[in-house]
Amino acid sequence: MIRILLMVLFAGVGMSATGSELILAKVDADIVPGPVEYAVLVPDGYAKLRDLPLVLNLHGGGGSRANLKGMQPMLDRLWQNGDIPPAVVVMPSVAERGFYMNFKDGSERWEDFIVGPFLTHLRQTYPVSSDPKRTFLTGASMGGMGSLRMAFRYPDRFGAVAALEPGIEPILRYEDM
């Protein structure tokens with residue numbers, strides 16, 4: 001299922017890769033507690049590449065940037081087989097049950113962080129495209145819900161979204177969460 005979703009996300013994007021490197025990093029922001037840790041999976045030879053697709057992969061509740069390491073063998077296989085093109089895949093560590101939302105009291109603004117300073121930081125730090133059509137959101141459970149909400153709220157910033165088992169709260173009013 002993940003392979004199919006990745007192939008759909010990358011439809012029409014050429015190139016192939018042979019391996020990857022996992023980079024652990026941090027970034028400061030004044031709208032969330034920091035520094036925010038994140039993992040970046042880059043294809044072999046990424047430093048020589050330009051305009052790579054950017055995939056923001058949002059972890060589920062209780063997860064962290066460490067989840068990306070578990071995905072590395074699968075992504076390496078897909079890259080090596082030419083099933084998907086090389087890309088920069090990023091997973092930030094966020095509040096455990098924050099659902100990538102801005103807190104009601106304004107104390108932590110995770111959604112604003114992801115679509116604002118974090119996205120800007122990634123585009124300035126890694127050889128990724130600034131074209132929203134080459135910027136993708138995905139995630140499982142809590143990350144799936146965050147991906148859906150951000151993609152629908154900011155359709156001008158993302159080319160596609162893939163939500164895996166999105167954790168949707170069975171409520172109708174915010175105050176019931």
# chains A, B, ... in the order shown; residues from 1 in each chain; ligands from 1
$ residues_around --residues "Ala87 of chain A" --least-positions-apart "5" --cutoff "6 Å" --atoms "only C-alpha atoms" --output "VMD selection string"
chain A and resid 52 to 54
$ residues_around --residues "Tyr38 of chain A" --least-positions-apart "6" --cutoff "10 Å" --atoms "only C-alpha atoms" --output "number ranges by chain"
A: 23-27, 64-66, 68, 90-94
$ residues_around --residues "segment 112-129 of chain A" --least-positions-apart "3" --cutoff "7 Å" --atoms "only C-alpha atoms" --output "list in words"
Ile31, Leu49, Arg50, Asp51, Leu52, Pro53, Leu54, Val88, Asn102, Arg109 and Arg134 of chain A
$ select_by_dssp --residues "chain A" --states "strand (DSSP E)" --output "VMD selection string"
chain A and resid 20 to 27 36 to 43 54 to 58 88 to 92 135 to 140 160 to 164
$ closest_residue --among "A:Gly144, A:Pro170, A:Gly98, A:Gly139" --to "Gly62 of chain A" --atoms "only C-alpha atoms"
A:Gly98
$ atom_distance --atom1 "atom CA of Lys48 of chain A" --atom2 "atom CA of Gly70 of chain A"
25.4 Å
$ closest_residue --among "A:Leu58, A:Leu164, A:Ile84, A:Met101" --to "Arg149 of chain A" --atoms "only C-alpha atoms"
A:Met101
$ closest_residue --among "A:Leu56, A:Lys69, A:Leu148, A:Lys104" --to "Thr135 of chain A" --atoms "only C-alpha atoms"
A:Leu56
$ closest_residue --among "A:Val89, A:Val55, A:Val32, A:Ile171" --to "Ser20 of chain A" --atoms "only C-alpha atoms"
A:Val89
$ residues_around --residues "Pro33 of chain A" --least-positions-apart "3" --cutoff "10 Å" --atoms "only C-alpha atoms" --output "list of chain:residue names"
A:Asp28, A:Ala29, A:Asp30, A:Val36, A:Val94, A:Ala95, A:Ser107, A:Glu108, A:Arg109, A:Trp110
$ select_by_dssp --residues "segment 20-176 of chain A" --states "alpha helix (DSSP H)" --output "MDAnalysis selection string"
chainID A and resid 67:80 110:113 119:125 142:153
